[in-house]
Structures are given as structure tokens and as C-alpha cells.
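*Asks:* Next up is a structure, given as C-alpha cells.
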Amino acid sequence: MIWMLGWLILPIVPIIGFSFISAQLWEPRYVLFVCPYLFLLIAAGFTRLWRQWRVAAIAAAMIYTLAMGGESTHYYNVQNRSDYLFNVETIEQI
């Protein structure tokens with residue numbers, strides 16, 4: 001768990017810090033690099049919560065489902081992306 005947290009935090013903190021201070025460095029390829037570690041930490045945390053407090057785990061799952069459902073609805077219903085070629089190029093670079 002500590003290694004996963006380190007691999008999540010260490011690459012992302014300087015990128016975010018530099019992006020706020022100077023130029024925009026928040027590139028999609030960096031997000032793609034750290035997302036698996038974030039998902040593993042969320043899954044491990046939920047598993048531990050489920051073992052100790054099932055009611056809190058169920059409440060957290062409901063909150064997460066509502067939040068992600070609302071954002072998914074917004075993502076698919078609001079047209080603010082004009083070109084998907086940039087996403088394909090980003091994936092092909094990796």
C-alpha cells in the first residue's frame with residue numbers, strides 16, 4: 001500500500017505544482033500513468049472499509065455511485081469536446 005501511494009504521489013505532486021506556478025504541464029499521459037495506482041488504492045481502501053464497517057462501506061459505495069453517475073451524465077450529455085484525435089494521439093504515444 002505504501003509503495004502504491006508513493007508511485008501515485010511522487011510523479012503527480014511536482015506536475016501539479018509546476019502547472020500552477022509556471023506552465024501547464026498537466027498532460028493526459030501523466031494522468032494515464034498514475035490512474036492505475038489511484039484505482040488500486042481506492043479498491044484496497046474500500047476492501048478494508050468493508051471488513052471493518054460494512055454500513056460505512058455501503059454508504060461510501062452509494063456516494064461514489066451517485067458522484068460518478070452524475071459526472072458520467074454530464075460527460076456524455078454536454079458537448080464540450082470538439083475533437084477526439086488528440087485523445088487517440090495521446091494513447092498512441094504511450
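Following the order of the C-alpha cells, chains are lettered A, B, ..., residues in each are numbered from 1, and ligands are numbered from 1.
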Can you tell me which residues surround region 56-68 of chain A at a distance of at most 9 Å, considering only C-alpha atoms, apart from same-chain residues fewer than 6 positions away, and format the answer as a ChimeraX atom specification?
*Replies:* /A:46-50
*Asks:* Take the residues just selected and output them with N, CA, C and O atoms as a CSV table (one decimal), in the first residue's frame.
*Replies:*
```
chain,number,residue,atom,x,y,z
A,46,PHE,N,-11.5,0.5,0.0
A,46,PHE,CA,-12.8,0.1,0.1
A,46,PHE,C,-12.9,-1.3,0.7
A,46,PHE,O,-13.8,-1.6,1.5
A,47,THR,N,-11.9,-2.2,0.3
A,47,THR,CA,-11.9,-3.6,0.9
A,47,THR,C,-11.7,-3.5,2.4
A,47,THR,O,-12.4,-4.3,3.1
A,48,ARG,N,-10.8,-2.7,2.8
A,48,ARG,CA,-10.6,-2.6,4.3
A,48,ARG,C,-11.8,-2.0,5.0
A,48,ARG,O,-12.1,-2.5,6.1
A,49,LEU,N,-12.4,-1.0,4.4
A,49,LEU,CA,-13.6,-0.4,5.0
A,49,LEU,C,-14.7,-1.5,5.1
A,49,LEU,O,-15.4,-1.6,6.1
A,50,TRP,N,-14.8,-2.3,4.0
A,50,TRP,CA,-15.9,-3.4,4.0
A,50,TRP,C,-15.6,-4.4,5.2
A,50,TRP,O,-16.6,-4.8,5.8
```
*Asks:* List every residue of region 37-81 of chain A that has an atom at most 12 Å from any atom of region 7-22 of chain A, giving for each one its closest atom pair and the distance in Å to one decimal, counting only C-alpha atoms, sorted by chain and then by ascending residue number, as CSV.
*Replies:*
```
residue,atom,partner,partner_atom,distance
A:Tyr37,CA,A:Leu8,CA,5.6
A:Leu38,CA,A:Leu8,CA,6.4
A:Phe39,CA,A:Leu8,CA,9.9
A:Leu40,CA,A:Leu8,CA,10.0
A:Leu41,CA,A:Leu8,CA,9.1
A:Ile42,CA,A:Leu8,CA,11.7
```
*Asks:* Between CA of Glu89 (chain A) and CA of His74 (chain A), measure the distance and give it in Å to one decimal.
*Replies:*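 That distance, rounded to one decimal, is 24.3 Å.
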*Asks:* Can you list, as JSON, numbers by chain, every residue of chain A that DSSP puts in helix (DSSP H, G or I)?
*Replies:* {"A": [2, 3, 4, 5, 6, 7, 8, 9, 10, 11, 12, 13, 14, 15, 16, 17, 18, 19, 20, 21, 28, 29, 30, 31, 32, 33, 34, 35, 36, 37, 38, 39, 40, 41, 42, 43, 44, 45, 46, 47, 48, 49, 50, 51, 52, 54, 55, 56, 57, 58, 59, 60, 61, 62, 63, 64, 65, 66, 67, 68, 69, 70, 71, 72, 73, 74, 75, 76, 77, 85, 86, 87, 88, 89, 90, 91, 92, 93]}
